[in-house]
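Structure, as structure tokens:
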Amino acid sequence: MFSTIDRVKPGLQKLVAALRETYPYASVLAVTDDSRAWQIRRSGVVIAANRDGGTGFVVRVFDGVGCAEYSFNEFSEDKIPDICAVMAKRLAEQNAALEGIAPLPTPIPADEPAVLKKTTGWKVHPRELGDEAIVNKITALREKALAVDERVLDAAVAVTYRSYRKLFLSEHRDLDQTVMWTNAAVVVMAARGQELKSAYHPFSVLGGAELLDRMEAGVEQVARDALALLDSQPIPPGEYDCVCDPETTGMIVHEAFGHGVEMDMFVKDRALAREFIGQYVASPLVTMHDGSAVEEAATAFFDDEGTLTGDTVIIDKGILKRGMCDALSAARLGVEPTGNGRRESYERKAYTRMTNTYFQGGDADPEEMIASIEDGFLLESPSSGMEDPKNWGIQCMVTTAKEIKNGRLTGKIYSPIVLTGYVPDLLKSVSMMSRTAVLCGSGFCGKGYKEWVKVSDGGPYMKARIRLG
């Protein structure tokens, strides 16, 4: 499916060599991908191409003063002189526009030799399984949810798959990766009279349609969650001791702290975290990671700027060690890039973006954490969130808060929940972490309201003092 990259690779190597005759650094990123989505609900079945990055190329050069890029979706060797001319024109226009203005320092990126070719694994390729089999499977899952109770009004099941291949070439780098991920979601709506409630549960895997079998055990629980919400009440606003499930912990990781340590915001002086490097910003129980040391949907072996990925420790036992950054921001800040330069597509700019972001586990059990609370809540099923990196504020939505009294769940449920606060206060209040971190990669993340990329987040069950309303 992705053999086009093999055919154009020799020509792309010649393009890099031609650009290097003029510029101290040149690179090219080639991308080709395939994606598909299936959905069933009361209104019918939908099969469609889904969000993807498209197939194309990005050329980048540095001249010691600035950086220029050019993207295109057709390439042959006879186009090399034209591409070189475009790069020269773009740099000249940039330099003319900056006349009389001191440019930001833009050091030449390091280009240490590296050769890599990796592919993520899968058990069942969605394309090989085929549309009919997938639709039959999700139809059966929907019917299983509908059969739970007569109050279940509707159920929707959606599955999305994407597989892509990326090739990055520079003078000293030859990097090649093929990645496949599959996402799914079950949404169940329950009704009692005029009252409607819905429950949602995501699923994800760095792999293929084997995810469908994993969904089998979870569908009925989503229906029961929707039914339970029919008896929910608004929560009395206040500050409570809470246990967050791994999904809610992941939302806090992503929204409360992840965006705040994207270091392109450091360059623009839009992140308070820049002033706290080396300081305590969380409880000593909190260690935060980003990268490909775990396997989830956002895993990649190198980023869209040719930086090899790994494990970036952002918070180490409560101390903010560093942020995550793309290559250009790293050059301007005088730090090493972390492999977080990511593009929505070959047509878009690379920004600093999270990948797999999570809190490390601790040494407690969820049952022990619940037993430690006299008056509080178990928070489950996050739905959305917003962050303010400049001031470290957070506002997130959680679907369910289950009441805890004297160390036991009472069965009483509150919904919906708004979780707010000052990020360091929340993180410094963390007093227990369960042993196992669990990640989910079902969503996308935008830079503001655009530049969408695949992300994963998660962590263990986490006990903290949190403001709810």
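Here's how to read the names in the structure tokens: chain A, B, ... by the order shown, residue numbers from 1 in each chain, ligand numbers from 1 in the order shown.
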task: Within 8 Å of Ala350 (chain A), counting only C-alpha atoms, which residues show up once you throw out same-chain ones fewer than 5 positions away? Write them as a PyMOL selection string, please.
output: chain A and resi 304-305+326+341-344
Region 24-33 of chain A environment, 8 Å, only C-alpha atoms, sequence neighbours closer than 4 positions dropped, as a ChimeraX atom specification: /A:2,5,12,16,19-20,52-64,108-109,162-171,304-305,346
Using only C-alpha atoms, please write the residues we just selected to a file, as a JSON list (two decimals), in the first residue's frame.
[["chain", "number", "residue", "atom", "x", "y", "z"],
["A", 2, "PHE", "CA", 2.85, 2.38, 0.83],
["A", 5, "ILE", "CA", 7.72, 5.98, -0.89],
["A", 12, "LEU", "CA", 14.30, 12.57, -2.58],
["A", 16, "VAL", "CA", 18.48, 16.74, -0.22],
["A", 19, "LEU", "CA", 19.79, 21.64, -1.43],
["A", 20, "ARG", "CA", 22.89, 20.92, 0.66],
["A", 52, "ASP", "CA", -5.87, 11.78, 8.01],
["A", 53, "GLY", "CA", -2.75, 13.67, 7.06],
["A", 54, "GLY", "CA", -2.88, 13.03, 3.32],
["A", 55, "THR", "CA", 0.00, 11.97, 1.08],
["A", 56, "GLY", "CA", 2.74, 14.47, 0.31],
["A", 57, "PHE", "CA", 6.15, 15.94, 1.07],
["A", 58, "VAL", "CA", 7.73, 18.71, 3.18],
["A", 59, "VAL", "CA", 11.15, 20.20, 2.41],
["A", 60, "ARG", "CA", 12.91, 22.26, 5.08],
["A", 61, "VAL", "CA", 16.17, 24.24, 4.90],
["A", 62, "PHE", "CA", 18.15, 26.37, 7.36],
["A", 63, "ASP", "CA", 20.58, 29.03, 6.16],
["A", 64, "GLY", "CA", 22.06, 30.10, 9.50],
["A", 108, "ILE", "CA", 21.48, 24.89, 12.49],
["A", 109, "PRO", "CA", 19.87, 21.67, 13.81],
["A", 162, "ARG", "CA", -5.38, 4.82, 10.45],
["A", 163, "SER", "CA", -2.13, 3.46, 9.10],
["A", 164, "TYR", "CA", 0.65, 5.71, 7.84],
["A", 165, "ARG", "CA", 4.21, 5.51, 6.62],
["A", 166, "LYS", "CA", 6.69, 8.35, 7.07],
["A", 167, "LEU", "CA", 10.17, 8.69, 5.60],
["A", 168, "PHE", "CA", 12.57, 11.37, 6.85],
["A", 169, "LEU", "CA", 15.79, 12.12, 4.98],
["A", 170, "SER", "CA", 18.60, 14.57, 5.69],
["A", 171, "GLU", "CA", 22.31, 14.40, 4.91],
["A", 304, "ASP", "CA", 7.97, 15.04, 11.84],
["A", 305, "GLU", "CA", 11.31, 16.86, 12.11],
["A", 346, "TYR", "CA", 2.33, 17.60, 5.35]]
Go through region 316-390 of chain A residue by residue and, counting only C-alpha atoms, keep those with an atom at most 10 Å from region 268-271 of chain A; for each kept residue give the shortest atom pair and its distance in Å to one decimal, ordered by chain and increasing number, as a tab-separated table.
residue	atom	partner	partner_atom	distance
A:Ser329	CA	A:Lys268	CA	9.7
A:Asp388	CA	A:Ala271	CA	8.3
A:Pro389	CA	A:Ala271	CA	4.8
A:Lys390	CA	A:Ala271	CA	4.5
So that I have them on file, write out the residues from the current selection with C-alpha atoms, as an mmCIF file, in the first residue's frame.
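Wrote it out as selection-v6.cif, contents follow:
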data_model
loop_
_atom_site.group_PDB
_atom_site.id
_atom_site.type_symbol
_atom_site.label_atom_id
_atom_site.label_comp_id
_atom_site.auth_asym_id
_atom_site.auth_seq_id
_atom_site.Cartn_x
_atom_site.Cartn_y
_atom_site.Cartn_z
ATOM 1 C CA SER A 329 11.895 25.792 19.568
ATOM 2 C CA ASP A 388 -4.556 28.210 30.619
ATOM 3 C CA PRO A 389 -0.750 27.769 30.335
ATOM 4 C CA LYS A 390 -0.161 31.462 31.039
#
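With only C-alpha atoms as the atoms that count, the residue of A:Thr309, A:Thr249, A:Thr355, A:Gln13 with the shortest distance to Leu379 (chain A) is A:Thr249.
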- line: If you count only C-alpha atoms, the residue of A:Gly291, A:Gly385, A:Gly446, A:Gly318 closest to Gln279 (chain A) turns out to be A:Gly318
field: Within 9 Å of Leu409 (chain A) using only C-alpha atoms, minus same-chain residues under 2 positions, as a ChimeraX atom specification
entry: /A:370-371,377-378,402-407,411-412
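The nearest approach to Cys440 (chain A) among the residues A:Ala273, A:Val313, A:Val455, A:Met180, with only C-alpha atoms taken into account, belongs to A:Val455.
Taking only C-alpha atoms into account, Leu333 (chain A) lies nearest to A:Thr106 out of the set A:Thr106, A:Thr299, A:Gln395, A:Ser384.
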Taking only residues of region 220-321 of chain A that have an atom at most 12 Å from an atom of region 187-207 of chain A, what is each one's shortest atom pair and its distance in Å to one decimal, using only C-alpha atoms, in chain and number order, as JSON lines?
{"residue": "A:Glu220", "atom": "CA", "partner": "A:Val188", "partner_atom": "CA", "distance": 9.5}
{"residue": "A:Gln221", "atom": "CA", "partner": "A:His201", "partner_atom": "CA", "distance": 9.2}
{"residue": "A:Val222", "atom": "CA", "partner": "A:Ala199", "partner_atom": "CA", "distance": 6.0}
{"residue": "A:Ala223", "atom": "CA", "partner": "A:Val188", "partner_atom": "CA", "distance": 5.6}
{"residue": "A:Arg224", "atom": "CA", "partner": "A:Ala199", "partner_atom": "CA", "distance": 8.6}
{"residue": "A:Asp225", "atom": "CA", "partner": "A:Ala199", "partner_atom": "CA", "distance": 6.0}
{"residue": "A:Ala226", "atom": "CA", "partner": "A:Ala199", "partner_atom": "CA", "distance": 4.7}
{"residue": "A:Leu227", "atom": "CA", "partner": "A:Ala190", "partner_atom": "CA", "distance": 5.8}
{"residue": "A:Ala228", "atom": "CA", "partner": "A:Lys197", "partner_atom": "CA", "distance": 8.9}
{"residue": "A:Leu229", "atom": "CA", "partner": "A:Lys197", "partner_atom": "CA", "distance": 6.1}
{"residue": "A:Leu230", "atom": "CA", "partner": "A:Lys197", "partner_atom": "CA", "distance": 6.1}
{"residue": "A:Asp231", "atom": "CA", "partner": "A:Lys197", "partner_atom": "CA", "distance": 9.6}
{"residue": "A:Ser232", "atom": "CA", "partner": "A:Lys197", "partner_atom": "CA", "distance": 9.4}
{"residue": "A:Gln233", "atom": "CA", "partner": "A:Lys197", "partner_atom": "CA", "distance": 11.8}
{"residue": "A:Glu247", "atom": "CA", "partner": "A:Pro202", "partner_atom": "CA", "distance": 9.7}
{"residue": "A:Ser292", "atom": "CA", "partner": "A:Leu206", "partner_atom": "CA", "distance": 11.4}
{"residue": "A:Val294", "atom": "CA", "partner": "A:Leu206", "partner_atom": "CA", "distance": 10.2}
{"residue": "A:Glu295", "atom": "CA", "partner": "A:Leu206", "partner_atom": "CA", "distance": 6.5}
{"residue": "A:Glu296", "atom": "CA", "partner": "A:Leu206", "partner_atom": "CA", "distance": 5.0}
{"residue": "A:Ala297", "atom": "CA", "partner": "A:Leu206", "partner_atom": "CA", "distance": 4.8}
{"residue": "A:Ala298", "atom": "CA", "partner": "A:Leu206", "partner_atom": "CA", "distance": 8.0}
{"residue": "A:Thr299", "atom": "CA", "partner": "A:Leu206", "partner_atom": "CA", "distance": 7.7}
{"residue": "A:Ala300", "atom": "CA", "partner": "A:Leu206", "partner_atom": "CA", "distance": 10.3}
Quick one: write out the picked residues with C-alpha atoms as a compact mmCIF listing (two decimals), in the first residue's frame?
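The new file part18.txt reads:
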# COMPACT_ATOMS: atom_id res chain seq x y z
CA GLU A 220 -23.10 -3.66 28.61
CA GLN A 221 -21.30 -1.58 31.25
CA VAL A 222 -21.70 1.55 29.15
CA ALA A 223 -25.45 0.90 29.02
CA ARG A 224 -25.59 0.39 32.79
CA ASP A 225 -23.67 3.64 33.31
CA ALA A 226 -26.22 5.53 31.21
CA LEU A 227 -29.08 4.03 33.19
CA ALA A 228 -27.41 4.94 36.50
CA LEU A 229 -27.13 8.56 35.38
CA LEU A 230 -30.94 8.77 35.27
CA ASP A 231 -30.78 8.89 39.09
CA SER A 232 -27.92 11.42 39.25
CA GLN A 233 -28.14 14.81 40.96
CA GLU A 247 -9.10 8.40 32.33
CA SER A 292 7.14 6.36 23.12
CA VAL A 294 4.76 2.98 26.25
CA GLU A 295 2.76 1.63 23.32
CA GLU A 296 -0.43 3.52 22.56
CA ALA A 297 -2.05 5.23 19.60
CA ALA A 298 0.27 8.27 19.63
CA THR A 299 3.44 6.19 19.54
CA ALA A 300 6.02 7.10 16.88
message: Set the distance at 12 Å and use only C-alpha atoms: which residues neighbour Asn391 (chain A) once local chain neighbours fewer than 5 positions away are removed? I'd like the list as an MDAnalysis selection string.
response: chainID A and resid 256:257 259:260 269:275 421:424
- prompt: When DSSP works through the backbone of this structure, what residues of region 256-310 of chain A end up as helix (DSSP H, G or I), shown as a ChimeraX atom specification?
  reply: /A:256-261,264-267,272-276
Residues from the last selection, N, CA and C atoms, saved as a PDB file, in the first residue's frame:
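Now in out-v1.pdb:
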ATOM      1  N   ALA A 256      -4.151  19.922  32.476  1.00  0.00           N
ATOM      2  CA  ALA A 256      -3.616  20.718  33.574  1.00  0.00           C
ATOM      3  C   ALA A 256      -2.135  20.994  33.401  1.00  0.00           C
ATOM      4  N   PHE A 257      -1.415  20.034  32.858  1.00  0.00           N
ATOM      5  CA  PHE A 257       0.026  20.240  32.804  1.00  0.00           C
ATOM      6  C   PHE A 257       0.639  20.034  31.432  1.00  0.00           C
ATOM      7  N   GLY A 258       0.070  19.172  30.602  1.00  0.00           N
ATOM      8  CA  GLY A 258       0.695  18.874  29.314  1.00  0.00           C
ATOM      9  C   GLY A 258       0.862  20.093  28.430  1.00  0.00           C
ATOM     10  N   HIS A 259      -0.234  20.828  28.198  1.00  0.00           N
ATOM     11  CA  HIS A 259      -0.153  22.012  27.340  1.00  0.00           C
ATOM     12  C   HIS A 259       0.775  23.072  27.932  1.00  0.00           C
ATOM     13  N   GLY A 260       0.827  23.142  29.247  1.00  0.00           N
ATOM     14  CA  GLY A 260       1.642  24.158  29.896  1.00  0.00           C
ATOM     15  C   GLY A 260       3.128  23.959  29.759  1.00  0.00           C
ATOM     16  N   VAL A 261       3.568  22.765  29.336  1.00  0.00           N
ATOM     17  CA  VAL A 261       5.005  22.520  29.173  1.00  0.00           C
ATOM     18  C   VAL A 261       5.364  22.238  27.707  1.00  0.00           C
ATOM     19  N   ASP A 264       7.196  25.479  22.706  1.00  0.00           N
ATOM     20  CA  ASP A 264       7.016  26.584  21.764  1.00  0.00           C
ATOM     21  C   ASP A 264       6.290  27.734  22.456  1.00  0.00           C
ATOM     22  N   MET A 265       5.527  27.419  23.518  1.00  0.00           N
ATOM     23  CA  MET A 265       4.919  28.469  24.334  1.00  0.00           C
ATOM     24  C   MET A 265       5.953  29.184  25.206  1.00  0.00           C
ATOM     25  N   PHE A 266       7.065  28.511  25.512  1.00  0.00           N
ATOM     26  CA  PHE A 266       8.157  29.170  26.226  1.00  0.00           C
ATOM     27  C   PHE A 266       8.785  30.241  25.340  1.00  0.00           C
ATOM     28  N   VAL A 267       8.988  29.914  24.055  1.00  0.00           N
ATOM     29  CA  VAL A 267       9.582  30.876  23.118  1.00  0.00           C
ATOM     30  C   VAL A 267       8.722  32.131  23.048  1.00  0.00           C
ATOM     31  N   LEU A 272       3.550  29.792  32.048  1.00  0.00           N
ATOM     32  CA  LEU A 272       4.083  30.043  33.378  1.00  0.00           C
ATOM     33  C   LEU A 272       5.138  29.009  33.772  1.00  0.00           C
ATOM     34  N   ALA A 273       5.054  27.812  33.204  1.00  0.00           N
ATOM     35  CA  ALA A 273       5.970  26.728  33.575  1.00  0.00           C
ATOM     36  C   ALA A 273       7.430  27.099  33.354  1.00  0.00           C
ATOM     37  N   ARG A 274       7.707  27.973  32.404  1.00  0.00           N
ATOM     38  CA  ARG A 274       9.099  28.352  32.120  1.00  0.00           C
ATOM     39  C   ARG A 274       9.793  28.895  33.364  1.00  0.00           C
ATOM     40  N   GLU A 275       9.060  29.534  34.253  1.00  0.00           N
ATOM     41  CA  GLU A 275       9.638  30.144  35.451  1.00  0.00           C
ATOM     42  C   GLU A 275       9.831  29.142  36.590  1.00  0.00           C
ATOM     43  N   PHE A 276       9.353  27.884  36.402  1.00  0.00           N
ATOM     44  CA  PHE A 276       9.363  26.930  37.508  1.00  0.00           C
ATOM     45  C   PHE A 276      10.255  25.716  37.256  1.00  0.00           C
TER      46      PHE A 276
END
Residue contacts of Ala88 (chain A) (9 Å, only C-alpha atoms) excluding same-chain residues fewer than 5 positions away, as an mmCIF file with N, CA and C atoms, in the first residue's frame:
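So the final result, stored in around04.cif, reads:
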data_model
loop_
_atom_site.group_PDB
_atom_site.id
_atom_site.type_symbol
_atom_site.label_atom_id
_atom_site.label_comp_id
_atom_site.auth_asym_id
_atom_site.auth_seq_id
_atom_site.Cartn_x
_atom_site.Cartn_y
_atom_site.Cartn_z
ATOM 1 N N ALA A 68 13.107 27.866 6.179
ATOM 2 C CA ALA A 68 12.010 27.929 5.212
ATOM 3 C C ALA A 68 11.527 26.521 4.904
ATOM 4 N N ILE A 83 12.091 23.063 -7.102
ATOM 5 C CA ILE A 83 11.976 23.081 -5.645
ATOM 6 C C ILE A 83 13.104 23.908 -5.033
ATOM 7 N N GLU A 93 12.539 36.208 0.556
ATOM 8 C CA GLU A 93 11.371 36.989 0.975
ATOM 9 C C GLU A 93 11.338 37.164 2.490
#
message: Quick one: residues within 10 Å of Ile47 (chain A), only C-alpha atoms, excluding same-chain residues fewer than 2 positions away - as a PyMOL selection string?
response: chain A and resi 36-40+45+49-50+131+135+158-160
Hey, can you spit out that residue selection with C-alpha atoms as a PDB file, in the first residue's frame?
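Full text of out24.pdb as output:
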ATOM      1  CA  ARG A  36     -11.294   4.485   7.327  1.00  0.00           C
ATOM      2  CA  ALA A  37     -14.200   4.840   9.752  1.00  0.00           C
ATOM      3  CA  TRP A  38     -17.303   2.776  10.468  1.00  0.00           C
ATOM      4  CA  GLN A  39     -20.290   3.839  12.569  1.00  0.00           C
ATOM      5  CA  ILE A  40     -23.713   2.454  13.392  1.00  0.00           C
ATOM      6  CA  VAL A  45     -24.564   2.757   8.991  1.00  0.00           C
ATOM      7  CA  ALA A  49     -12.655   7.989   4.886  1.00  0.00           C
ATOM      8  CA  ASN A  50     -11.672   9.627   8.150  1.00  0.00           C
ATOM      9  CA  ASP A 131     -16.295  -3.541   5.688  1.00  0.00           C
ATOM     10  CA  VAL A 135     -20.223  -3.589  10.260  1.00  0.00           C
ATOM     11  CA  ALA A 158     -17.890   3.849  16.036  1.00  0.00           C
ATOM     12  CA  VAL A 159     -14.537   2.470  14.888  1.00  0.00           C
ATOM     13  CA  THR A 160     -11.710   4.375  13.213  1.00  0.00           C
TER      14      THR A 160
END
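Closest to Gly44 (chain A) among A:Glu255, A:Asp154, A:Glu368, A:Asp213 is A:Asp154, based on only C-alpha atoms.
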Exercise: Thr400 (chain A) partners within 6 Å, only C-alpha atoms, chain neighbours under 5 positions left out, as number ranges by chain: A: 379-380, 414-415
Based on the selection just made, write N, CA and C atoms of those residues as a PDB file, in the first residue's frame.
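The file below, result.pdb, is the result:
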ATOM      1  N   LEU A 379     -14.226  10.017  40.819  1.00  0.00           N
ATOM      2  CA  LEU A 379     -14.507  10.705  39.561  1.00  0.00           C
ATOM      3  C   LEU A 379     -14.221   9.780  38.388  1.00  0.00           C
ATOM      4  N   GLU A 380     -15.203   9.673  37.475  1.00  0.00           N
ATOM      5  CA  GLU A 380     -15.079   8.777  36.327  1.00  0.00           C
ATOM      6  C   GLU A 380     -15.586   9.455  35.050  1.00  0.00           C
ATOM      7  N   TYR A 414     -23.544  11.829  41.213  1.00  0.00           N
ATOM      8  CA  TYR A 414     -23.737  13.222  40.827  1.00  0.00           C
ATOM      9  C   TYR A 414     -23.222  13.408  39.402  1.00  0.00           C
ATOM     10  N   SER A 415     -23.927  14.267  38.642  1.00  0.00           N
ATOM     11  CA  SER A 415     -23.546  14.516  37.247  1.00  0.00           C
ATOM     12  C   SER A 415     -24.316  15.726  36.720  1.00  0.00           C
TER      13      SER A 415
END
query: as a ChimeraX atom specification, which residues of region 55-261 of chain A does DSSP assign to strand (DSSP E)?
result: /A:56-62,67-72,114-119,152-170,173-192,195-205,238-244
